[in-house]
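S.K.: Just one file: start-v1.csv, with CSV, C-alpha atoms.
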```
chain,number,residue,atom,x,y,z
V,3,ARG,CA,-38.5,-39.8,16.8
V,4,GLY,CA,-35.7,-42.2,16.7
V,5,ALA,CA,-32.5,-41.8,18.7
V,6,GLY,CA,-30.2,-39.2,17.3
V,7,TRP,CA,-29.0,-35.6,17.8
V,8,GLY,CA,-30.9,-34.7,21.0
V,9,TYR,CA,-34.5,-34.6,20.0
V,10,THR,CA,-35.4,-37.7,22.2
V,11,ARG,CA,-35.3,-38.0,25.9
V,12,GLN,CA,-32.9,-40.9,25.7
V,13,ARG,CA,-29.4,-40.4,24.2
V,14,SER,CA,-26.0,-41.7,24.8
V,15,PRO,CA,-23.9,-40.2,27.6
V,16,GLY,CA,-21.8,-37.3,26.3
V,17,CYS,CA,-24.0,-36.8,23.3
V,18,VAL,CA,-24.6,-33.1,22.7
V,19,PRO,CA,-28.0,-32.0,21.3
V,20,ARG,CA,-27.8,-30.5,17.8
V,21,ARG,CA,-29.6,-27.3,18.9
V,22,ARG,CA,-27.3,-26.8,21.9
V,23,LEU,CA,-24.2,-27.6,19.7
V,24,LEU,CA,-25.3,-25.0,17.2
V,25,MET,CA,-25.9,-22.4,19.9
V,26,GLU,CA,-22.5,-23.0,21.4
V,27,THR,CA,-20.8,-22.8,18.0
V,28,GLN,CA,-22.5,-19.5,17.3
V,29,ALA,CA,-21.5,-18.1,20.7
V,30,VAL,CA,-17.8,-19.1,20.0
V,31,ASP,CA,-18.0,-17.4,16.6
V,32,ALA,CA,-19.5,-14.3,18.1
V,33,ARG,CA,-16.7,-14.1,20.7
V,34,SER,CA,-14.1,-14.6,18.1
V,35,ALA,CA,-15.6,-11.9,15.9
V,36,ALA,CA,-15.8,-9.5,18.8
V,37,SER,CA,-12.1,-10.1,19.8
V,38,CYS,CA,-11.0,-9.5,16.2
V,39,SER,CA,-13.3,-6.7,15.2
V,40,ASP,CA,-12.3,-4.3,18.0
V,41,GLY,CA,-15.8,-2.8,17.8
V,42,ASN,CA,-15.8,-2.5,14.1
V,43,SER,CA,-17.5,-4.7,11.5
V,44,SER,CA,-14.3,-5.1,9.6
V,45,ALA,CA,-12.0,-7.8,11.1
V,46,LEU,CA,-8.5,-7.3,12.3
V,47,HIS,CA,-5.8,-9.5,10.7
V,48,GLU,CA,-2.7,-10.4,12.7
V,49,VAL,CA,0.1,-9.9,10.2
V,50,ALA,CA,3.3,-9.8,12.1
V,51,SER,CA,5.0,-9.2,15.5
V,52,GLU,CA,6.8,-5.9,16.2
V,53,SER,CA,10.1,-7.8,16.4
V,54,GLN,CA,9.7,-8.9,12.7
V,55,LEU,CA,9.8,-5.3,11.6
V,56,GLY,CA,13.6,-5.3,12.2
V,57,GLN,CA,16.0,-2.4,12.5
V,58,ASN,CA,14.8,-0.6,9.3
V,59,GLY,CA,11.1,-0.9,10.3
V,60,ARG,CA,9.9,-2.3,7.0
V,61,LEU,CA,8.0,-5.5,6.3
V,62,LEU,CA,6.0,-6.9,3.3
V,63,VAL,CA,3.0,-8.9,4.5
V,64,GLN,CA,-0.3,-10.2,3.1
V,65,ALA,CA,-3.7,-9.9,4.5
V,66,GLY,CA,-7.4,-9.8,3.5
V,67,GLY,CA,-7.3,-12.6,1.0
V,68,GLY,CA,-3.8,-12.0,-0.3
V,69,ARG,CA,-3.5,-8.2,-0.4
V,70,TYR,CA,0.1,-7.1,-0.4
V,71,ILE,CA,0.7,-4.5,2.4
V,72,ALA,CA,3.8,-2.6,3.3
V,73,LEU,CA,4.3,-2.1,7.1
V,74,ILE,CA,6.4,1.0,7.6
V,75,ALA,CA,7.5,2.1,11.1
V,76,HIS,CA,8.2,5.8,11.4
V,77,ARG,CA,8.7,8.0,14.4
V,78,GLY,CA,7.1,5.6,16.8
V,79,ASP,CA,4.1,4.8,14.6
V,80,VAL,CA,3.5,1.8,12.3
V,81,HIS,CA,1.7,2.5,9.0
V,82,ALA,CA,0.1,0.0,6.7
V,83,ILE,CA,-0.3,0.9,3.0
V,84,ASP,CA,-0.8,-1.0,-0.2
V,85,ALA,CA,2.7,-2.2,-1.1
V,86,THR,CA,2.6,-1.3,-4.8
V,87,CYS,CA,2.4,2.3,-6.1
V,88,TYR,CA,-0.9,3.1,-7.8
V,89,HIS,CA,0.9,5.0,-10.6
V,90,MET,CA,2.8,2.2,-12.4
V,91,GLY,CA,3.4,-0.5,-9.9
V,92,GLY,CA,6.6,0.6,-8.1
V,93,PRO,CA,7.6,-1.1,-4.8
V,94,LEU,CA,6.9,1.0,-1.7
V,95,VAL,CA,8.1,-1.2,1.1
V,96,ASN,CA,11.6,0.3,1.1
V,97,ALA,CA,10.7,3.8,-0.2
V,98,GLU,CA,12.2,6.8,1.5
V,99,ILE,CA,10.1,9.0,3.6
V,100,GLU,CA,9.6,12.8,3.5
V,101,ASP,CA,7.6,15.2,5.6
V,102,CYS,CA,4.7,16.6,3.6
V,103,GLY,CA,3.4,19.2,6.0
V,104,PRO,CA,-0.3,18.9,6.7
V,105,PHE,CA,-0.4,15.5,5.0
V,106,GLY,CA,2.2,14.1,7.4
V,107,PRO,CA,4.9,11.7,6.4
V,108,CYS,CA,4.8,10.4,2.9
V,109,VAL,CA,6.6,7.6,1.0
V,110,VAL,CA,8.4,8.5,-2.2
V,111,CYS,CA,8.0,5.9,-4.9
V,112,PRO,CA,11.5,5.0,-6.1
V,113,TRP,CA,10.5,4.7,-9.7
V,114,HIS,CA,8.9,8.0,-10.5
V,115,ARG,CA,9.2,10.0,-7.3
V,116,TYR,CA,5.5,10.1,-6.6
V,117,GLN,CA,4.7,11.2,-3.0
V,118,ILE,CA,2.0,9.4,-1.2
V,119,SER,CA,0.7,10.3,2.3
V,120,LEU,CA,1.1,7.4,4.8
V,121,GLN,CA,-1.8,8.8,6.8
V,122,SER,CA,-4.4,9.3,4.1
V,123,GLY,CA,-3.2,7.7,0.9
V,124,ASP,CA,-3.4,11.0,-1.0
V,125,SER,CA,-1.0,11.5,-3.9
V,126,LEU,CA,0.8,14.7,-3.5
V,127,TYR,CA,2.6,17.4,-5.6
V,128,GLN,CA,4.0,20.8,-5.2
V,129,ASN,CA,2.4,23.7,-7.1
V,130,MET,CA,4.2,26.6,-8.6
V,131,SER,CA,4.4,28.4,-5.3
V,132,GLY,CA,5.8,25.3,-3.5
V,133,LYS,CA,2.7,24.5,-1.6
V,134,VAL,CA,2.0,20.7,-1.1
V,135,CYS,CA,-1.3,19.8,-2.8
V,136,SER,CA,-3.4,16.6,-3.2
V,137,LYS,CA,-4.3,14.9,-6.4
V,138,GLY,CA,-6.9,12.9,-4.4
V,139,LEU,CA,-7.0,9.5,-2.7
V,140,LYS,CA,-5.0,7.1,-4.8
V,141,GLN,CA,-3.3,4.6,-2.5
V,142,ARG,CA,-5.2,2.6,0.1
V,143,VAL,CA,-4.0,2.8,3.7
V,144,HIS,CA,-5.1,0.5,6.4
V,145,GLU,CA,-5.7,0.9,10.2
V,146,VAL,CA,-3.0,-0.6,12.4
V,147,VAL,CA,-3.6,-1.9,15.9
V,148,ARG,CA,-0.6,-2.8,18.1
V,149,ARG,CA,-1.4,-5.2,20.8
V,150,ASP,CA,0.8,-7.3,23.1
V,151,GLY,CA,3.8,-7.0,20.7
V,152,LYS,CA,1.6,-8.0,17.7
V,153,ILE,CA,0.7,-5.9,14.7
V,154,LEU,CA,-2.9,-6.2,13.5
V,155,VAL,CA,-4.3,-4.6,10.4
V,156,ARG,CA,-7.9,-3.7,9.5
V,157,ILE,CA,-8.3,-3.7,5.7
V,158,ALA,CA,-9.8,-0.4,4.5
V,159,HIS,CA,-13.0,-0.9,2.4
V,160,SER,CA,-14.4,1.8,0.2
V,161,ASP,CA,-15.1,2.5,-3.4
V,162,LYS,CA,-12.5,1.2,-5.8
V,163,ILE,CA,-9.3,3.4,-6.0
V,164,GLU,CA,-6.3,3.1,-8.2
V,165,SER,CA,-4.0,1.1,-5.9
V,166,ASP,CA,-6.5,-1.7,-6.0
V,167,ASN,CA,-5.3,-2.5,-9.5
V,168,TYR,CA,-2.0,-3.8,-8.1
V,169,ALA,CA,-3.0,-4.9,-4.6
V,170,PHE,CA,-3.1,-8.6,-5.3
V,171,LYS,CA,-0.1,-8.8,-7.6
V,172,THR,CA,3.3,-9.6,-6.3
V,173,PRO,CA,5.3,-6.4,-5.9
V,174,PRO,CA,8.4,-6.0,-8.1
V,175,PRO,CA,11.8,-6.5,-6.3
V,176,SER,CA,12.9,-3.8,-4.0
V,177,SER,CA,16.5,-2.9,-3.6
V,178,GLY,CA,16.2,-2.5,0.1
V,179,GLY,CA,17.9,0.8,0.2
V,180,LEU,CA,15.9,3.5,2.0
V,181,ALA,CA,17.8,6.4,0.5
V,182,ALA,CA,17.8,7.5,-3.1
V,183,PRO,CA,19.8,10.2,-5.0
V,184,PRO,CA,18.0,13.5,-4.8
V,185,GLN,CA,15.9,14.3,-7.8
V,186,ARG,CA,14.1,17.4,-8.9
V,187,ARG,CA,10.4,17.1,-9.3
V,188,SER,CA,8.3,18.7,-11.9
V,189,GLY,CA,7.2,21.6,-9.6
V,190,GLU,CA,10.8,22.4,-8.9
V,191,VAL,CA,11.7,22.3,-12.6
V,192,LEU,CA,8.8,24.6,-13.5
V,193,ARG,CA,9.6,27.1,-10.7
V,194,ALA,CA,13.2,27.1,-11.9
V,195,GLY,CA,12.1,27.8,-15.4
V,196,ALA,CA,9.8,30.6,-14.2
V,197,ALA,CA,12.8,32.1,-12.4
V,198,GLY,CA,14.7,32.3,-15.7
V,199,VAL,CA,17.0,29.2,-15.2
V,200,ARG,CA,17.9,27.6,-18.5
V,201,ARG,CA,16.2,24.3,-19.3
V,202,PRO,CA,18.1,21.1,-18.3
V,203,ALA,CA,20.6,19.6,-20.8
V,204,ARG,CA,19.0,17.1,-23.2
V,205,LEU,CA,19.1,13.4,-22.3
V,206,THR,CA,21.6,11.2,-24.0
V,207,ALA,CA,20.3,8.2,-25.9
V,208,GLY,CA,21.3,5.9,-23.1
V,209,ALA,CA,19.6,8.0,-20.4
V,210,ALA,CA,16.5,8.1,-22.5
V,211,GLY,CA,16.5,4.3,-22.7
V,212,ASP,CA,16.8,4.1,-19.0
V,213,VAL,CA,13.8,6.3,-18.5
V,214,ALA,CA,11.8,4.1,-20.8
V,215,LYS,CA,12.8,1.0,-18.9
V,216,SER,CA,11.8,2.6,-15.6
V,217,MET,CA,8.3,3.2,-16.8
V,218,CYS,CA,7.4,-0.5,-16.9
V,219,GLY,CA,4.7,-1.5,-14.4
V,220,ALA,CA,4.6,-4.3,-11.9
V,221,ASP,CA,3.9,-6.7,-14.8
V,222,GLY,CA,7.1,-5.7,-16.5
V,223,ARG,CA,5.3,-4.1,-19.5
V,224,ALA,CA,4.4,-0.7,-20.6
V,225,PRO,CA,2.7,-0.9,-24.0
V,226,TRP,CA,3.4,2.7,-24.9
V,227,ALA,CA,7.1,2.6,-24.0
V,228,ARG,CA,9.2,1.6,-27.1
V,229,PRO,CA,12.0,-1.0,-26.6
V,230,SER,CA,14.5,1.5,-28.0
V,231,MET,CA,14.3,5.3,-28.2
V,232,PRO,CA,16.2,7.3,-30.9
V,233,PRO,CA,18.3,10.2,-29.6
V,234,PRO,CA,16.6,13.5,-29.5
V,235,PRO,CA,17.4,15.9,-32.3
V,236,PRO,CA,20.4,18.3,-31.7
V,237,SER,CA,19.5,21.6,-30.3
V,238,ALA,CA,20.0,24.7,-32.4
V,239,GLY,CA,23.1,25.8,-30.4
V,240,SER,CA,25.0,22.6,-31.0
V,241,ARG,CA,24.9,22.8,-34.8
```
How does this structure look as structure tokens?
M.R.:
Amino acid sequence: RGAGWGYTRQRSPGCVPRRRLLMETQAVDARSAASCSDGNSSALHEVASESQLGQNGRLLVQAGGGRYIALIAHRGDVHAIDATCYHMGGPLVNAEIEDCGPFGPCVVCPWHRYQISLQSGDSLYQNMSGKVCSKGLKQRVHEVVRRDGKILVRIAHSDKIESDNYAFKTPPPSSGGLAAPPQRRSGEVLRAGAAGVRRPARLTAGAAGDVAKSMCGADGRAPWARPSMPPPPPSAGSR
């Protein structure tokens, strides 16, 4: 054969045979994959340094082809969870955290107070007896590896779950405040009703409108939420 990529005895000094070049490239790729995979077929993505988490321990990052992930530091651990709530697209990066018993710490969506486990991604609720129960896996959580001051994330892969619907959309703005006014959840309201407590006072027209606005998703729309809501009819006692 004519002179070329290493298939003749004579070649220019410094010329690397194609077969050798291919083998060396494959070896480099294999070493890179091993260093990133940490023994797993799914690669680790370096997303931030620990110093970038800042004092409040929260950071919004992207990994795995543009997936938005909230890094949340809590009690010495760093959690990685899809940054947008599966329910209607609320921002989770600055959500407050509550202890949910056997499900560990959970974020509380600032829009509709949905509780989501940082450990498993289960959506949680309290039943009539006050026990914390799961609605099932709704929010994707990702493995975090901390190495030499860096934070690496291994994207979780499984069958499609609900948070995937928002995972690649820019999350809505977050106020940055980690605390929110305490609100009663449905389980608490039902238990209070069962105990004989009178039902809450009816919403004013303005409050009802605020509720409708809060139900907009990450795209700013909620087809079933009317732009204006008429005030509720007066109760029998107010006539």
S.K.: Would you please work out which residue, of V:Pro175, V:Gly92, V:Gly56, V:Gly67, is nearest to V:Cys111 when using all atoms listed in the file?
M.R.: V:Gly92
S.K.: So the first atom is atom CA of V:Val80 and the second is atom CA of V:Gly59; what is the distance between them in Å, to one decimal place?
M.R.: 8.3 Å
S.K.: How many Å lie between atom CA of V:Pro112 and atom CA of V:Pro174, rounded to one decimal?
M.R.: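 Between atom CA of V:Pro112 and atom CA of V:Pro174 the gap works out to 11.6 Å.
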S.K.: What separation in Å, quoted to one decimal, exists between atom CA of V:Val49 and atom CA of V:Leu61?
M.R.: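 Distance between the two atoms: 9.8 Å.
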S.K.: So which one's closest to V:Ala50, V:Ile163, V:Ala85, V:Val134, V:Ile71? Using all atoms listed in the file, please.
M.R.: V:Ile71
S.K.: Determine, using only C-alpha atoms, which residues of stretch 74-140 of chain V have any atom at most 10 Å from an atom of stretch 145-160 of chain V, and tabulate each with its shortest atom pair and distance in Å to one decimal place, rows ordered by chain and then rising number, as JSON lines.
M.R.:
```
{"residue": "V:Asp79", "atom": "CA", "partner": "V:Val146", "partner_atom": "CA", "distance": 9.2}
{"residue": "V:Val80", "atom": "CA", "partner": "V:Val146", "partner_atom": "CA", "distance": 6.9}
{"residue": "V:His81", "atom": "CA", "partner": "V:Val146", "partner_atom": "CA", "distance": 6.6}
{"residue": "V:Ala82", "atom": "CA", "partner": "V:Val146", "partner_atom": "CA", "distance": 6.5}
{"residue": "V:Ile83", "atom": "CA", "partner": "V:Glu145", "partner_atom": "CA", "distance": 9.0}
{"residue": "V:Asp84", "atom": "CA", "partner": "V:Ile157", "partner_atom": "CA", "distance": 9.9}
{"residue": "V:Gln121", "atom": "CA", "partner": "V:Glu145", "partner_atom": "CA", "distance": 9.4}
```
S.K.: Return the single residue from V:Gly106, V:Arg69, V:Ile74, V:Asn167 that is closest to V:Gln57, with distances computed using only C-alpha atoms.
M.R.: V:Ile74
S.K.: Return as JSON the centre and edge lengths, in Å with one decimal, of the box along x, y and z that encloses every atom of stretch 81-89 of chain V in the file, padded by 4 Å per side.
M.R.:
```
{"center_x": 0.9, "center_y": 1.4, "center_z": -0.8, "size_x": 11.6, "size_y": 15.2, "size_z": 27.6}
```
S.K.: Can you work out which one of V:Met130, V:Leu62, V:Leu46, V:Ile99 has the shortest atom-to-atom distance to V:Thr172, counting all atoms listed in the file?
M.R.: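 Closest residue, counting all atoms listed in the file: V:Leu62.
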S.K.: Given all atoms listed in the file as the basis, pick out the residue of V:Leu94, V:Cys87, V:Cys108, V:Trp113 nearest to V:Ser136.
M.R.: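 Among the listed residues, the smallest separation from V:Ser136 belongs to V:Cys108.
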